[in-house]
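What follows is the content of input_18.txt (compact mmCIF, C-alpha atoms).
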```
# COMPACT_ATOMS: atom_id res chain seq x y z
CA MET A 1 48.59 -57.74 -122.43
CA GLY A 2 44.85 -57.28 -122.09
CA VAL A 3 42.97 -56.98 -118.85
CA ALA A 4 40.56 -59.70 -117.81
CA ASP A 5 38.35 -60.20 -114.77
CA SER A 6 40.47 -62.69 -112.85
CA LYS A 7 37.42 -64.22 -111.17
CA TYR A 8 36.43 -65.62 -114.55
CA ILE A 9 39.59 -65.60 -116.69
CA ASP A 10 42.92 -66.55 -115.14
CA LEU A 11 45.39 -65.02 -117.60
CA ALA A 12 48.38 -65.96 -115.44
CA SER A 13 47.49 -69.61 -115.98
CA GLY A 14 45.81 -69.44 -119.39
CA LEU A 15 48.35 -67.50 -121.42
CA PRO A 16 51.29 -69.82 -120.73
CA ARG A 17 49.18 -72.68 -122.13
CA VAL A 18 49.42 -70.97 -125.53
CA ALA A 19 53.06 -69.82 -125.26
CA ASN A 20 51.87 -66.39 -124.06
CA ASN A 21 50.26 -65.73 -127.44
CA GLU A 22 47.42 -63.46 -126.37
CA LYS A 23 45.96 -63.25 -129.87
CA LEU A 24 45.62 -67.05 -129.95
CA TYR A 25 44.25 -67.12 -126.40
CA LYS A 26 41.57 -64.57 -127.27
CA LYS A 27 40.67 -66.62 -130.34
CA LEU A 28 40.28 -69.74 -128.20
CA VAL A 29 38.27 -68.14 -125.39
CA ALA A 30 36.01 -66.53 -128.00
CA LYS A 31 34.88 -70.06 -128.90
CA PHE A 32 33.90 -70.87 -125.32
CA GLU A 33 30.28 -69.75 -125.57
CA ALA A 34 29.56 -72.11 -128.47
CA SER A 35 31.30 -75.01 -126.72
CA VAL A 36 28.81 -75.26 -123.84
CA ASP A 37 25.29 -76.44 -124.68
CA VAL A 38 23.18 -75.23 -121.77
CA SER A 39 19.91 -76.11 -123.53
CA ALA A 40 21.09 -79.71 -123.99
CA LEU A 41 21.97 -79.79 -120.29
CA ASP A 42 18.49 -78.54 -119.41
CA ALA A 43 16.89 -81.19 -121.64
CA ALA A 44 18.99 -83.95 -120.09
CA LEU A 45 18.13 -82.84 -116.57
CA VAL A 46 14.40 -82.55 -117.31
CA SER A 47 14.35 -86.03 -118.81
CA GLY A 48 16.30 -87.44 -115.87
CA ASN A 49 19.21 -88.46 -118.10
CA TYR A 50 21.92 -87.67 -115.58
CA ILE A 51 24.52 -89.61 -117.54
CA LYS A 52 24.02 -87.33 -120.55
CA ALA A 53 23.94 -84.27 -118.28
CA GLY A 54 27.21 -85.45 -116.75
CA GLU A 55 28.78 -85.79 -120.19
CA ILE A 56 27.76 -82.24 -121.08
CA VAL A 57 29.13 -80.84 -117.83
CA HIS A 58 32.30 -82.93 -118.15
CA ALA A 59 32.96 -81.47 -121.61
CA ALA A 60 32.31 -77.94 -120.31
CA LYS A 61 34.66 -78.56 -117.39
CA GLY A 62 37.40 -79.68 -119.76
CA VAL A 63 37.10 -76.58 -121.92
CA ALA A 64 37.00 -74.31 -118.87
CA GLY A 65 40.04 -76.03 -117.38
CA ASN A 66 42.05 -75.83 -120.58
CA LEU A 67 41.25 -72.12 -120.93
CA SER A 68 41.73 -71.32 -117.22
CA LEU A 69 38.17 -70.08 -116.76
CA ALA A 70 38.39 -70.42 -113.01
CA ALA A 71 34.94 -69.79 -111.50
CA PHE A 72 33.08 -71.71 -114.20
CA TYR A 73 35.55 -74.59 -113.92
CA GLU A 74 34.96 -74.87 -110.16
CA SER A 75 31.20 -74.82 -110.66
CA SER A 76 31.53 -77.54 -113.31
CA VAL A 77 33.52 -79.75 -110.93
CA ILE A 78 30.83 -79.49 -108.26
CA LEU A 79 27.96 -80.21 -110.65
CA MET A 80 29.80 -83.06 -112.37
CA ASP A 81 30.53 -84.72 -109.04
CA GLN A 82 26.83 -84.64 -108.19
CA LEU A 83 25.81 -86.03 -111.57
CA ARG A 84 28.26 -88.93 -111.22
CA SER A 85 26.14 -90.20 -108.34
CA GLY A 86 23.28 -90.84 -110.77
CA ASN A 87 20.94 -88.77 -108.63
CA PRO A 88 19.38 -85.41 -109.44
CA PRO A 89 21.85 -82.60 -108.70
CA ALA A 90 21.05 -79.84 -106.25
CA GLN A 91 19.19 -77.09 -108.10
CA GLU A 92 21.43 -74.47 -106.53
CA ASN A 93 24.44 -76.09 -108.24
CA VAL A 94 22.66 -76.21 -111.60
CA ASP A 95 21.75 -72.55 -111.16
CA ALA A 96 25.35 -71.66 -110.21
CA PHE A 97 26.65 -73.49 -113.30
CA LYS A 98 24.30 -71.55 -115.58
CA ARG A 99 24.94 -68.21 -113.86
CA LEU A 100 28.71 -68.64 -114.00
CA TYR A 101 28.50 -69.69 -117.63
CA ALA A 102 26.67 -66.44 -118.47
CA GLU A 103 29.03 -64.35 -116.34
CA THR A 104 32.07 -66.01 -117.93
CA VAL A 105 30.72 -65.34 -121.42
CA ARG A 106 30.23 -61.66 -120.48
CA ALA A 107 33.77 -61.45 -119.06
CA ILE A 108 35.19 -63.06 -122.20
CA ASN A 109 33.32 -60.65 -124.45
CA ILE A 110 34.70 -57.69 -122.54
CA TYR A 111 38.22 -59.15 -122.60
CA ILE A 112 38.29 -59.94 -126.32
CA ALA A 113 36.84 -56.52 -127.20
CA GLU A 114 40.01 -54.81 -125.91
```

Let me see the file written as structure tokens.
Amino acid sequence: MGVADSKYIDLASGLPRVANNEKLYKKLVAKFEASVDVSALDAALVSGNYIKAGEIVHAAKGVAGNLSLAAFYESSVILMDQLRSGNPPAQENVDAFKRLYAETVRAINIYIAE
């Protein structure tokens, strides 16, 4: 089994979701980067369309949860909860979402390169 940074990729939880087929898991996590549209999130936030922003974050949260991408999932939950209120989210939570997205992508790239 490969080695992954457990802060970002929870193999103990993720691999059983795919019958411990690491090749399949790597294939699925490799698609993560393309599944999150950060630029669409930025556009929705700038335009004040918090419903659309919430939909984008909700989709990202679902992918992260299904793949056991722990830190990004937690960040998504926090941001999505704020967006549900219909008010602008705290910038620090938007920044954390984007930072953890980038860090998760880096961790995935290292993991799948093994």

- request: Please identify all polymer residues within 9 Å of Val63 in chain A, counting only C-alpha atoms, omitting same-chain residues fewer than 3 positions from it, and present them as a PyMOL selection string.
  value: chain A and resi 32+35-36+58-60+66-69+73

The distance between CA of Leu41 in chain A and CA of Pro89 in chain A is 11.9 Å

Atomic separation - CA of Glu114 in chain A relative to CA of Ala30 in chain A, Å =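 That distance, rounded to one decimal, is 12.6 Å.
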
- Task: Check the smallest atom-to-atom distance from each of A:Ile112, A:Ala43, A:Ala4, A:Val77 to Gly62 in chain A using all atoms listed in the file, then report the winner.
- Result: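 Looking only at the distances to Gly62 in chain A, the closest residue turns out to be A:Val77.
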
Padding 8 Å on each side, edges along x, y and z: where is the centre of the box around the listed atoms of range 57-72 of chain A, and how long are its edges in Å to one decimal? Output it as JSON.
```
{"center_x": 35.6, "center_y": -76.4, "center_z": -116.7, "size_x": 28.9, "size_y": 29.1, "size_z": 26.4}
```

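Minimum atom-to-atom distance to Tyr101 in chain A, evaluated using all atoms listed in the file, belongs to A:Ser76 out of A:Ser76, A:Asn20, A:Asn49, A:Ser85.
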
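Distances to Val105 in chain A were evaluated for A:Val38, A:Val57, A:Ala90, A:Val29 using all atoms listed in the file, and the minimum falls at A:Val29.
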
Q: Name the residues in contact with Ser75 in chain A at a cut-off of 12 Å, using all atoms listed in the file, excluding same-chain residues fewer than 4 positions from it; report them as a PyMOL selection string.
A: chain A and resi 8+57-58+60-61+64-65+69-71+79-82+92-101+104

If I take CA of Asp5 in chain A and CA of Leu83 in chain A, how far is one from the other in Å, to one decimal?
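Computing it gives 28.9 Å between the two atoms.
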
Nearest residue to Glu103 in chain A from the set A:Ala40, A:Val46, A:Ile9, A:Leu15 (distances using all atoms listed in the file):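 Of A:Ala40, A:Val46, A:Ile9, A:Leu15, the one nearest Glu103 in chain A is A:Ile9, counting all atoms listed in the file.
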
Can you patch up range 59-83 of chain A, filling it in to N, CA and C atoms, and show the result as a PDB file, in the coordinates of the input?
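Saved the output as selection_29.pdb:
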```pdb
ATOM      1  N   ALA A  59      32.370 -82.149-120.450  1.00  0.00           N
ATOM      2  CA  ALA A  59      32.960 -81.470-121.610  1.00  0.00           C
ATOM      3  C   ALA A  59      33.177 -79.983-121.309  1.00  0.00           C
ATOM      4  N   ALA A  60      32.189 -79.360-120.669  1.00  0.00           N
ATOM      5  CA  ALA A  60      32.310 -77.940-120.310  1.00  0.00           C
ATOM      6  C   ALA A  60      33.454 -77.734-119.329  1.00  0.00           C
ATOM      7  N   LYS A  61      33.583 -78.638-118.381  1.00  0.00           N
ATOM      8  CA  LYS A  61      34.660 -78.560-117.390  1.00  0.00           C
ATOM      9  C   LYS A  61      36.025 -78.644-118.072  1.00  0.00           C
ATOM     10  N   GLY A  62      36.141 -79.534-119.046  1.00  0.00           N
ATOM     11  CA  GLY A  62      37.400 -79.680-119.760  1.00  0.00           C
ATOM     12  C   GLY A  62      37.783 -78.413-120.506  1.00  0.00           C
ATOM     13  N   VAL A  63      36.832 -77.826-121.196  1.00  0.00           N
ATOM     14  CA  VAL A  63      37.100 -76.580-121.920  1.00  0.00           C
ATOM     15  C   VAL A  63      37.487 -75.479-120.935  1.00  0.00           C
ATOM     16  N   ALA A  64      36.724 -75.356-119.864  1.00  0.00           N
ATOM     17  CA  ALA A  64      37.000 -74.310-118.870  1.00  0.00           C
ATOM     18  C   ALA A  64      38.375 -74.515-118.233  1.00  0.00           C
ATOM     19  N   GLY A  65      38.728 -75.753-117.957  1.00  0.00           N
ATOM     20  CA  GLY A  65      40.040 -76.030-117.380  1.00  0.00           C
ATOM     21  C   GLY A  65      41.164 -75.701-118.329  1.00  0.00           C
ATOM     22  N   ASN A  66      41.017 -76.094-119.571  1.00  0.00           N
ATOM     23  CA  ASN A  66      42.050 -75.830-120.580  1.00  0.00           C
ATOM     24  C   ASN A  66      42.253 -74.334-120.813  1.00  0.00           C
ATOM     25  N   LEU A  67      41.175 -73.563-120.689  1.00  0.00           N
ATOM     26  CA  LEU A  67      41.250 -72.120-120.930  1.00  0.00           C
ATOM     27  C   LEU A  67      41.471 -71.301-119.654  1.00  0.00           C
ATOM     28  N   SER A  68      41.554 -71.981-118.519  1.00  0.00           N
ATOM     29  CA  SER A  68      41.730 -71.320-117.220  1.00  0.00           C
ATOM     30  C   SER A  68      40.594 -70.363-116.898  1.00  0.00           C
ATOM     31  N   LEU A  69      39.376 -70.844-117.096  1.00  0.00           N
ATOM     32  CA  LEU A  69      38.170 -70.080-116.760  1.00  0.00           C
ATOM     33  C   LEU A  69      37.734 -70.526-115.365  1.00  0.00           C
ATOM     34  N   ALA A  70      38.364 -69.930-114.368  1.00  0.00           N
ATOM     35  CA  ALA A  70      38.390 -70.420-113.010  1.00  0.00           C
ATOM     36  C   ALA A  70      37.031 -70.665-112.349  1.00  0.00           C
ATOM     37  N   ALA A  71      36.204 -69.652-112.239  1.00  0.00           N
ATOM     38  CA  ALA A  71      34.940 -69.790-111.500  1.00  0.00           C
ATOM     39  C   ALA A  71      34.024 -70.807-112.171  1.00  0.00           C
ATOM     40  N   PHE A  72      33.937 -70.761-113.487  1.00  0.00           N
ATOM     41  CA  PHE A  72      33.080 -71.710-114.200  1.00  0.00           C
ATOM     42  C   PHE A  72      33.628 -73.124-114.057  1.00  0.00           C
ATOM     43  N   TYR A  73      34.930 -73.275-114.095  1.00  0.00           N
ATOM     44  CA  TYR A  73      35.550 -74.590-113.920  1.00  0.00           C
ATOM     45  C   TYR A  73      35.150 -75.178-112.554  1.00  0.00           C
ATOM     46  N   GLU A  74      35.295 -74.386-111.512  1.00  0.00           N
ATOM     47  CA  GLU A  74      34.960 -74.870-110.160  1.00  0.00           C
ATOM     48  C   GLU A  74      33.493 -75.281-110.066  1.00  0.00           C
ATOM     49  N   SER A  75      32.622 -74.493-110.651  1.00  0.00           N
ATOM     50  CA  SER A  75      31.200 -74.820-110.660  1.00  0.00           C
ATOM     51  C   SER A  75      30.951 -76.126-111.415  1.00  0.00           C
ATOM     52  N   SER A  76      31.663 -76.318-112.504  1.00  0.00           N
ATOM     53  CA  SER A  76      31.530 -77.540-113.310  1.00  0.00           C
ATOM     54  C   SER A  76      31.954 -78.767-112.519  1.00  0.00           C
ATOM     55  N   VAL A  77      33.030 -78.634-111.749  1.00  0.00           N
ATOM     56  CA  VAL A  77      33.520 -79.750-110.930  1.00  0.00           C
ATOM     57  C   VAL A  77      32.444 -80.167-109.932  1.00  0.00           C
ATOM     58  N   ILE A  78      31.860 -79.199-109.272  1.00  0.00           N
ATOM     59  CA  ILE A  78      30.830 -79.490-108.260  1.00  0.00           C
ATOM     60  C   ILE A  78      29.631 -80.182-108.895  1.00  0.00           C
ATOM     61  N   LEU A  79      29.134 -79.638-110.001  1.00  0.00           N
ATOM     62  CA  LEU A  79      27.960 -80.210-110.650  1.00  0.00           C
ATOM     63  C   LEU A  79      28.277 -81.593-111.217  1.00  0.00           C
ATOM     64  N   MET A  80      29.440 -81.762-111.809  1.00  0.00           N
ATOM     65  CA  MET A  80      29.800 -83.060-112.370  1.00  0.00           C
ATOM     66  C   MET A  80      29.894 -84.122-111.281  1.00  0.00           C
ATOM     67  N   ASP A  81      30.453 -83.775-110.147  1.00  0.00           N
ATOM     68  CA  ASP A  81      30.530 -84.720-109.040  1.00  0.00           C
ATOM     69  C   ASP A  81      29.149 -85.175-108.600  1.00  0.00           C
ATOM     70  N   GLN A  82      28.194 -84.268-108.574  1.00  0.00           N
ATOM     71  CA  GLN A  82      26.830 -84.640-108.190  1.00  0.00           C
ATOM     72  C   GLN A  82      26.199 -85.534-109.245  1.00  0.00           C
ATOM     73  N   LEU A  83      26.419 -85.238-110.499  1.00  0.00           N
ATOM     74  CA  LEU A  83      25.810 -86.030-111.570  1.00  0.00           C
ATOM     75  C   LEU A  83      26.391 -87.435-111.638  1.00  0.00           C
TER      76      LEU A  83
END
```
